[in-house]
Every structure is written in C-alpha cells, then in structure tokens.
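**Q** Let me give you the structure first, and then I'll get to my questions.
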Amino acid sequence: MTDLHPEASPGAAPGSLPFADPDGQPYVRRPDPALAAYAQSFLDAVGDLPTYRPTVGCVIPAYNEAETIAAVLDSLLHQTRLPDVIHVIVNNSTDATVEIASHYAGPHTRMTATGEQSTAVYVHDIGENPDKKVGALNYGYQLVEHMDYLLGVDGDTTPEPDALEHLVDEIASDHRIGGISAIYSIDDSALEGVKSKFLVAGQRAQFAAFNMQNLLRGRNMAVLGGQFSIFSTDALRQVLISSHQQTPWVRDSEVEDSLLSLQIKSAGYLTKISARSRAHVGGMTTLRALDAQQVKWNYGAIELMWPGQRGDTQGQPFHPNLRLRWFEHVSMLINVVTRAMFLLLLLGALQISAYEFSPLWLIPPMVATLLNLRVARSMLVANRRDYLFALLVFPAEIYMWVRIGHFLRAWAKFFGRQRTDNWAAQARAERGKGFSWIYPYLSLVFIVVVAAAIWYQLPIPTRSDVLAVGWPILGVITVLQTAWMSLKCLRRYQGYKA
C-alpha cells in the first residue's frame with residue numbers, strides 16, 4: 001500500500017492541485033519500504049542469474065607432432081577462456097604423438113580471473129587416413145558440430161594466453177561473422193644456425209606484411225588459416241547446404257582453408273582477422289621445407305583464382321576473397337620481370353663495356369628498405385634480427401629470390417597440369433627428402449646460359465639496340481614500382497600491430 005503525504009509538488013502547474021488535502025496542500029506518492037526491499041531483492045536475484053556462455057569445441061589435427069603437441073596443449077589449458085572441450089585427432093602418425101597427448105587426456109579445471117573453468121581433453125587416433133588433415137578436421141567437426149563454435153588449431157601452434165578469449169568475444173559480438181583468424185607470427189627464440197634464422201626472419205616479415213594488409217582492409221580476411229581460427233558452426237552448416245557437401249572441408253583443394261573461407265563468404269557471412277588475438281605458428285627452417293609449403297599454398301591459390309574447372313575445384317577469379325591473392329601474384333610477376341630484366345641487361349651491358357652507373361638506380365632499393373623497415377616496426381614483438389633483415393638489404397633481396405622460385409614452380413606445375421600430392425610432398429620435404437626446391441634456380445642458370453649464347457650470336461649494333469630499348473622499359477616499370485612502394489611507406493597503420 002502506498003501512503004500519500006502533503007508536500008509541495010515541484011512539477012505541478014500553478015492552480016492545478018489534482019491530489020490535495022483540505023488545506024490545499026498536494027499529495028505526493030512515497031514508496032512503501034517493504035515494496036522497495038522486494039524490488040532490490042528481485043534485482044539482486046536477476047543479477048545472480050548465469051549469463052549465456054557460448055560453447056567452443058577445439059579440434060587439433062595432429063600428424064607427427066610429437067615435438068610440439070605438449071606445448072600446444074599446455075597453451076590451450078592456460079587460456080583465460082578455456083575451450084569447453086579439446087579433441088586431438090591424430091592421423092597417419094608414426095611418432096609418439098598419441099603417447100604424449102594421452103598424458104593430457106581427461107578433465108582439467110583451473111581458476112581464472114572470471115572464476116573457475118573446466119574443460120576435457122580427448123585423444124583420438126584414427127590411424128591411416130587418406131584425407132590427411134582434411135579428414136582429421138572433418139572427424140573433429142562431427143564431434144563438436146552441436147556447439148556454437150569450432151576452434152581449429154594446428155599441432156604446432158601455440159596461442160597467447162588471451163587468444164581464445166578475444167576470438168570468442170569478437171565472433172559472439174556480430175552474428176554476421178562466420179569465422180575469425182588470429183594474427184600469426186613465428187617464434188624465433190630457439191633457432192640455431194644462420195640458414196634457419198634467415199629463413200624464419202623472412203617468413204616473419206612475410207606474415208607481418210600479409211597480416212597488416214588484411215587489418216587495413218577493414219579486417220577482412222581472405223583466408224581463415226587453420227593454424228588458429230574460430231568458426232561459427234551455423235556458418236559451417238550453411239556451407240554444407242549451399243555447397244552440397246557432407247563435410248565442411250574437402251580434399252579437392254590444395255588449400256582447404258582458403259576454399260572453406262570462400263564458401264563461408266559466399267554463404268553470406270563475414271571472414272575476419274582479429275585485431276588482438278595472437279598465435280605463434282611453426283616456421284620452416286630449411287629451403288626444402290619452405291619450398292614445399294609455399295608451392296602448395298601458391299598452387300592451391302592459383303586453382304581457386306583461375307577461371308574454369310580444374311578437377312572438382314571451380315575457379316572463382318572474381319570472388320572478393322581472392323582480390324588480395326590476385327594482387328599478390330601480379331606483384332610477384334612484376335618482381336620477376338624487373339629482376340630478370342635487370343640481371344640480363346646488366347650482364348649484356350658489362351659484356352660490351354656499355355654499363356654506366358647512375359645514382360638513380362639506388363632509389364628503388366632504398367625505398368624497398370624503408371618499406372621493409374616499416375614492416376619490421378609494425379610487428380608487435382620485433383627483435384634485432386627483424387631489423388637487420390630489413391636494413392641490410394641483401395637478406396630481404398635474397399629471400400625475394402627464394403619466393404620467386406616458389407612462385408614460378410607453382411605456376412609451372414599448374415600450367416603443366418601436374419596432379420601431384422602436395423601434402424605428401426610437403427611431408428617428405430619436412431623430413432629432408434626431395435630436390436624439387438632446386439629446380440627454379442637450375443632453370444635460372446639455364447636461362448642465363450641460353451640468353452648468353454643468343455647474345456653472343458648477335459652483332460654489336462644489335463646488342464646496343466637491345467640495351468637502348470631494354471633499359472628505358474625497365475626504367476619505366478621500376479619507377480612505377482617504386483612509386484607504389486612509396487605510397488605503401490606513407491600508409492598509416494591505424495594503430496594496428498602485426
């Protein structure tokens with residue numbers, strides 16, 4: 001019951017007293033103390049109700065990951081937001097991956113800043129699996145498809161402690177998002193040998209440049225890399241319907257994560273890169289292993305980009321997720337042309353003593369060095385090796401020649417219609433087997449020898465005419481390339497760190 005008390009009513013209009021006592025004083029309502037106490041207890045009870053916590057199922061496809069699987073599981077079990085379940089899917093392995101992972105099997109509970117959290121680790125050895133990583137991922141999907149999100153983690157990827165928390169917060173904040181990838185880098189703290197340090201420094205710069213490009217494009221991610229990405233299971237189910245597939249990942253493509261990313265985008269969802277979630281992936285420490293990995297990536301991207309049908313893979317050249325891939329391949333083609341022309345023209349000019357040094361030719365490498373330095377500075381954790389890689393010029397230039405070799409070999413395989421198992425080739429390369437990585441450099445020597453043989457058959461006036469035409473063409477291409485690099489140097493990074 002509410003009491004009425006005579007008090008001045010500040011909001012009442014003059015001469016208007018709808019509730020007044022016999023003396024003309026207005027009544028105002030004063031709440032009953034019992035009602036106020038009930039309201040407070042009701043609000044306290046509502047506040048104590050549990051909020052909805054999205055469920056996350058983690059899937060780790062593991063192939064001969066005995067050296068790294070313990071670190072991966074340790075990093076997942078020390079997350080500020082634990083996955084609700086962790087499934088390690090061991091496939092085709094011949095090492096101690098199962099034995100090591102089995103030590104982690106069972107329930108795990110830990111106290112975090114938000115309270116006590118629990119998870120459980122399951123280890124599945126599916127034996128020989130012809131679909132390799134794709135088969136392991138699809139096996140894991142069947143185990144977690146009833147959950148809200150699927151977290152895919154490679155068997156050599158260690159996330160930062162808050163990586164999963166950031167991914168869940170971001171994907172849960174917008175139902176349009178079908179998947180989010182972490183920012184990837186490579187931990188180079190335990191490397192030994194000059195070659196491995198050089199190769200990993202190049203990969204760190206390559207990852208940083210790629211990450212920054214995606215961050216500055218509205219955080220739109222063309223490829224949700226399988227290293228550490230979270231997917232909406234609703235989006236994956238929509239992919240199954242729209243693509244007439246029984247499983248989200250298919251063996252048709254050499255880059256299963258790129259194809260799935262395209263399908264998620266085509267299903268009407270967004271594919272993003274996180275601004276805060278970070279994970280460290282395994283780097284390639286030999287030329288053989290790096291070549292196999294990069295050729296597989298490039299070959300798979302070409303299949304997706306090229307118009308028409310290649311086997312069961314339909315090329316989608318105008319797909320929005322492939323625009324950055326086209327730009328990357330066109331840029332690599334320009335790098336091939338400028339370096340090949342410069343090398344051949346320089347050798348030709350030296351042969352007839354017609355070379356004259358111009359300081360203007362120092363401008364392109366200087367601008368390239370500034371751009372490489374900006375890439376190093378964009379890293380969240382850049383070390384002395386990253387800065388030396390950028391400032392010494394030659395390491396970055398040598399690594400570019402290495403990437404050119406991968407680029408040319410991938411396109412040669414594509415146009416040669418070689419249907420090889422690039423997954424198996426990468427596995428062999430990581431074991432130290434195979435010599436395919438050396439083919440581009442043998443081809444370069446062959447081209448130089450053939451060009452020299454043709455050059456020596458030309459009369460001197462013709463050689464001069466070739467140089468007179470070639471140098472200006474190279475100059476125009478180099479000026480345009482340098483201008484583009486200059487614009488990239490001036491581009492603001494909007495506070496992002498790669």
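Going by the structure tokens order, chains are called A, B, ..., each with residues numbered from 1, while ligands are numbered from 1 in the order shown.
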Can you list every residue in region 248-334 of chain A that DSSP puts in alpha helix (DSSP H), as a PyMOL selection string?
**A** chain A and resi 256-266+287-305+323-334
**Q** What are the closest atom pairs, with distances in Å to one decimal, for all residues of region 350-420 of chain A lying within 9 Å of region 329-333 of chain A? Consider only C-alpha atoms, order rows by chain and residue number, and present the result as CSV.
**A**
```
residue,atom,partner,partner_atom,distance
A:Arg403,CA,A:Met332,CA,8.5
A:Ile404,CA,A:Met332,CA,7.0
A:Phe407,CA,A:Met332,CA,7.5
A:Leu408,CA,A:Leu333,CA,9.0
```
**Q** I need the residues from that last selection saved to file as a PDB file, in the first residue's frame (with N, CA and C atoms), if you can.
**A**
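Here's the written file part-v3.pdb:
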```pdb
ATOM      1  N   ARG A 403      61.357 -16.599 -52.814  1.00  0.00           N
ATOM      2  CA  ARG A 403      59.914 -16.583 -53.060  1.00  0.00           C
ATOM      3  C   ARG A 403      59.601 -16.635 -54.554  1.00  0.00           C
ATOM      4  N   ILE A 404      60.429 -16.001 -55.371  1.00  0.00           N
ATOM      5  CA  ILE A 404      60.238 -16.064 -56.820  1.00  0.00           C
ATOM      6  C   ILE A 404      60.335 -17.511 -57.295  1.00  0.00           C
ATOM      7  N   PHE A 407      57.101 -19.171 -56.497  1.00  0.00           N
ATOM      8  CA  PHE A 407      56.056 -18.622 -57.367  1.00  0.00           C
ATOM      9  C   PHE A 407      56.119 -19.266 -58.749  1.00  0.00           C
ATOM     10  N   LEU A 408      57.315 -19.324 -59.327  1.00  0.00           N
ATOM     11  CA  LEU A 408      57.462 -19.862 -60.677  1.00  0.00           C
ATOM     12  C   LEU A 408      57.188 -21.367 -60.703  1.00  0.00           C
TER      13      LEU A 408
END
```
**Q** Could you give me, as a PyMOL selection string, the residues within 8 Å of region 368-380 of chain A, counting only C-alpha atoms and dropping anything in the same chain fewer than 6 positions from it?
**A** chain A and resi 205+208-209+212+386-387+390-391+393+396+482+485-486+488-489+493+496-498
**Q** Could you take the residues named above and write them with C-alpha atoms, as a short mmCIF file (atom, residue, chain, number, x, y, z; two decimals), in the first residue's frame?
**A**
```
data_model
loop_
_atom_site.label_atom_id
_atom_site.label_comp_id
_atom_site.auth_asym_id
_atom_site.auth_seq_id
_atom_site.Cartn_x
_atom_site.Cartn_y
_atom_site.Cartn_z
CA ALA A 205 58.34 -10.32 -42.44
CA ALA A 208 53.61 -9.34 -40.87
CA ALA A 209 53.06 -7.74 -44.29
CA MET A 212 48.79 -5.75 -41.97
CA ASP A 386 63.92 -8.48 -37.84
CA TYR A 387 65.51 -5.03 -38.14
CA ALA A 390 65.19 -5.10 -43.30
CA LEU A 391 68.19 -2.75 -43.06
CA VAL A 393 69.08 -5.03 -47.96
CA ALA A 396 65.39 -9.32 -47.96
CA THR A 482 58.99 2.46 -56.67
CA MET A 485 56.26 1.17 -52.63
CA SER A 486 56.48 4.82 -51.61
CA LYS A 488 52.81 1.90 -49.03
CA CYS A 489 55.53 3.50 -46.91
CA TYR A 493 48.69 1.64 -39.83
CA TYR A 496 47.32 -1.93 -35.65
CA LYS A 497 50.23 -4.22 -34.85
CA ALA A 498 51.01 -7.25 -36.99
#
```
**Q** Within 9 Å of region 179-196 of chain A, counting only C-alpha atoms, which residues show up once you throw out same-chain ones fewer than 5 positions away? Write them as a VMD selection string, please.
**A** chain A and resid 159 163 to 164 167 170 to 171 201 203 to 205 207 to 208 211 221 223 to 232 235 261 264 269 to 287 379 498
**Q** How would the residues just chosen look if you wrote them out with C-alpha atoms as a PDB file, in the first residue's frame?
**A**
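Printed below is part-v9.pdb as written:
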```
ATOM      1  CA  PRO A 159      48.385 -19.166 -28.850  1.00  0.00           C
ATOM      2  CA  ALA A 163      43.906 -15.516 -27.717  1.00  0.00           C
ATOM      3  CA  LEU A 164      40.733 -17.598 -27.450  1.00  0.00           C
ATOM      4  CA  LEU A 167      38.253 -14.637 -30.672  1.00  0.00           C
ATOM      5  CA  GLU A 170      34.692 -10.833 -31.366  1.00  0.00           C
ATOM      6  CA  ILE A 171      32.732 -13.571 -33.115  1.00  0.00           C
ATOM      7  CA  ALA A 201      63.196 -13.820 -40.408  1.00  0.00           C
ATOM      8  CA  GLN A 203      58.766 -15.660 -43.014  1.00  0.00           C
ATOM      9  CA  ARG A 204      58.142 -13.315 -40.083  1.00  0.00           C
ATOM     10  CA  ALA A 205      58.336 -10.322 -42.435  1.00  0.00           C
ATOM     11  CA  PHE A 207      53.485 -12.888 -42.268  1.00  0.00           C
ATOM     12  CA  ALA A 208      53.608  -9.342 -40.869  1.00  0.00           C
ATOM     13  CA  ASN A 211      48.546  -9.534 -41.644  1.00  0.00           C
ATOM     14  CA  MET A 221      40.479 -11.933 -44.039  1.00  0.00           C
ATOM     15  CA  VAL A 223      41.993 -16.961 -45.736  1.00  0.00           C
ATOM     16  CA  LEU A 224      40.945 -18.238 -42.311  1.00  0.00           C
ATOM     17  CA  GLY A 225      44.176 -20.122 -41.699  1.00  0.00           C
ATOM     18  CA  GLY A 226      43.845 -23.435 -39.943  1.00  0.00           C
ATOM     19  CA  GLN A 227      46.638 -22.549 -37.528  1.00  0.00           C
ATOM     20  CA  PHE A 228      44.302 -20.814 -35.036  1.00  0.00           C
ATOM     21  CA  SER A 229      40.864 -19.791 -36.274  1.00  0.00           C
ATOM     22  CA  ILE A 230      37.364 -19.947 -34.847  1.00  0.00           C
ATOM     23  CA  PHE A 231      34.302 -20.814 -36.948  1.00  0.00           C
ATOM     24  CA  SER A 232      30.601 -20.423 -36.333  1.00  0.00           C
ATOM     25  CA  ALA A 235      28.080 -20.858 -40.869  1.00  0.00           C
ATOM     26  CA  SER A 261      36.855 -19.290 -46.421  1.00  0.00           C
ATOM     27  CA  ILE A 264      31.752 -19.077 -45.899  1.00  0.00           C
ATOM     28  CA  TYR A 269      28.993 -14.476 -43.732  1.00  0.00           C
ATOM     29  CA  LEU A 270      31.990 -12.277 -42.975  1.00  0.00           C
ATOM     30  CA  THR A 271      35.531 -13.629 -42.673  1.00  0.00           C
ATOM     31  CA  LYS A 272      37.712 -11.515 -40.398  1.00  0.00           C
ATOM     32  CA  ILE A 273      41.150 -11.251 -38.850  1.00  0.00           C
ATOM     33  CA  SER A 274      41.273 -10.468 -35.161  1.00  0.00           C
ATOM     34  CA  ALA A 275      42.797  -7.210 -34.004  1.00  0.00           C
ATOM     35  CA  ARG A 276      44.002  -8.681 -30.681  1.00  0.00           C
ATOM     36  CA  SER A 277      44.170 -12.472 -30.749  1.00  0.00           C
ATOM     37  CA  ARG A 278      47.677 -13.778 -31.484  1.00  0.00           C
ATOM     38  CA  ALA A 279      49.246 -17.172 -32.059  1.00  0.00           C
ATOM     39  CA  HIS A 280      52.726 -18.445 -32.863  1.00  0.00           C
ATOM     40  CA  VAL A 281      52.988 -20.951 -35.701  1.00  0.00           C
ATOM     41  CA  GLY A 282      55.754 -23.309 -36.709  1.00  0.00           C
ATOM     42  CA  GLY A 283      58.229 -21.884 -39.204  1.00  0.00           C
ATOM     43  CA  MET A 284      60.073 -23.690 -41.988  1.00  0.00           C
ATOM     44  CA  THR A 285      63.785 -23.850 -41.231  1.00  0.00           C
ATOM     45  CA  THR A 286      65.062 -25.422 -44.477  1.00  0.00           C
ATOM     46  CA  LEU A 287      64.815 -24.329 -48.103  1.00  0.00           C
ATOM     47  CA  MET A 379      55.364  -6.193 -35.569  1.00  0.00           C
ATOM     48  CA  ALA A 498      51.007  -7.248 -36.992  1.00  0.00           C
TER      49      ALA A 498
END
```
**Q** Please list as a PDB file with N, CA and C atoms, in the first residue's frame every residue within 12 Å of Phe342 (chain A), counting only C-alpha atoms and excluding residues in the same chain fewer than 6 positions away.
**A**
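result_2.pdb, written as the output of this step:
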```pdb
ATOM      1  N   ASN A 335      57.907  -8.367 -59.856  1.00  0.00           N
ATOM      2  CA  ASN A 335      59.223  -8.598 -59.259  1.00  0.00           C
ATOM      3  C   ASN A 335      60.071  -9.522 -60.122  1.00  0.00           C
ATOM      4  N   VAL A 336      59.440 -10.545 -60.699  1.00  0.00           N
ATOM      5  CA  VAL A 336      60.171 -11.458 -61.581  1.00  0.00           C
ATOM      6  C   VAL A 336      60.688 -10.705 -62.803  1.00  0.00           C
ATOM      7  N   GLY A 348      74.554  -8.040 -70.155  1.00  0.00           N
ATOM      8  CA  GLY A 348      74.783  -7.633 -71.536  1.00  0.00           C
ATOM      9  C   GLY A 348      75.579  -6.354 -71.631  1.00  0.00           C
ATOM     10  N   ALA A 349      75.272  -5.377 -70.788  1.00  0.00           N
ATOM     11  CA  ALA A 349      76.000  -4.103 -70.819  1.00  0.00           C
ATOM     12  C   ALA A 349      77.460  -4.293 -70.398  1.00  0.00           C
ATOM     13  N   LEU A 350      77.686  -5.127 -69.393  1.00  0.00           N
ATOM     14  CA  LEU A 350      79.072  -5.368 -68.972  1.00  0.00           C
ATOM     15  C   LEU A 350      79.862  -6.081 -70.062  1.00  0.00           C
ATOM     16  N   TYR A 355      78.111  -0.343 -69.722  1.00  0.00           N
ATOM     17  CA  TYR A 355      77.382  -0.038 -68.491  1.00  0.00           C
ATOM     18  C   TYR A 355      77.923   1.227 -67.842  1.00  0.00           C
ATOM     19  N   TRP A 361      69.651   4.573 -59.712  1.00  0.00           N
ATOM     20  CA  TRP A 361      69.299   3.177 -59.515  1.00  0.00           C
ATOM     21  C   TRP A 361      69.367   2.768 -58.042  1.00  0.00           C
ATOM     22  N   LEU A 467      69.969  -3.046 -75.727  1.00  0.00           N
ATOM     23  CA  LEU A 467      70.178  -2.322 -74.470  1.00  0.00           C
ATOM     24  C   LEU A 467      69.486  -0.966 -74.496  1.00  0.00           C
ATOM     25  N   GLY A 470      65.828  -1.846 -73.945  1.00  0.00           N
ATOM     26  CA  GLY A 470      65.552  -2.553 -72.699  1.00  0.00           C
ATOM     27  C   GLY A 470      65.671  -1.690 -71.461  1.00  0.00           C
ATOM     28  N   TRP A 471      66.725  -0.891 -71.389  1.00  0.00           N
ATOM     29  CA  TRP A 471      66.912  -0.073 -70.176  1.00  0.00           C
ATOM     30  C   TRP A 471      65.771   0.917 -69.940  1.00  0.00           C
ATOM     31  N   PRO A 472      65.289   1.651 -70.950  1.00  0.00           N
ATOM     32  CA  PRO A 472      64.145   2.561 -70.706  1.00  0.00           C
ATOM     33  C   PRO A 472      62.875   1.824 -70.266  1.00  0.00           C
ATOM     34  N   ILE A 473      62.618   0.637 -70.873  1.00  0.00           N
ATOM     35  CA  ILE A 473      61.432  -0.131 -70.462  1.00  0.00           C
ATOM     36  C   ILE A 473      61.555  -0.530 -68.992  1.00  0.00           C
ATOM     37  N   LEU A 474      62.730  -1.039 -68.632  1.00  0.00           N
ATOM     38  CA  LEU A 474      62.957  -1.406 -67.234  1.00  0.00           C
ATOM     39  C   LEU A 474      62.844  -0.179 -66.338  1.00  0.00           C
ATOM     40  N   GLY A 475      63.326   0.967 -66.810  1.00  0.00           N
ATOM     41  CA  GLY A 475      63.253   2.187 -66.014  1.00  0.00           C
ATOM     42  C   GLY A 475      61.824   2.594 -65.718  1.00  0.00           C
ATOM     43  N   ILE A 477      59.094   0.639 -65.675  1.00  0.00           N
ATOM     44  CA  ILE A 477      58.489  -0.330 -64.744  1.00  0.00           C
ATOM     45  C   ILE A 477      58.999  -0.085 -63.330  1.00  0.00           C
ATOM     46  N   THR A 478      60.294   0.186 -63.214  1.00  0.00           N
ATOM     47  CA  THR A 478      60.882   0.387 -61.887  1.00  0.00           C
ATOM     48  C   THR A 478      60.362   1.661 -61.232  1.00  0.00           C
TER      49      THR A 478
END
```
**Q** Quick one: DSSP strand (DSSP E) residues in region 213-419 of chain A, as a ChimeraX atom specification?
**A** /A:228-232,270-281,308-310,313-315
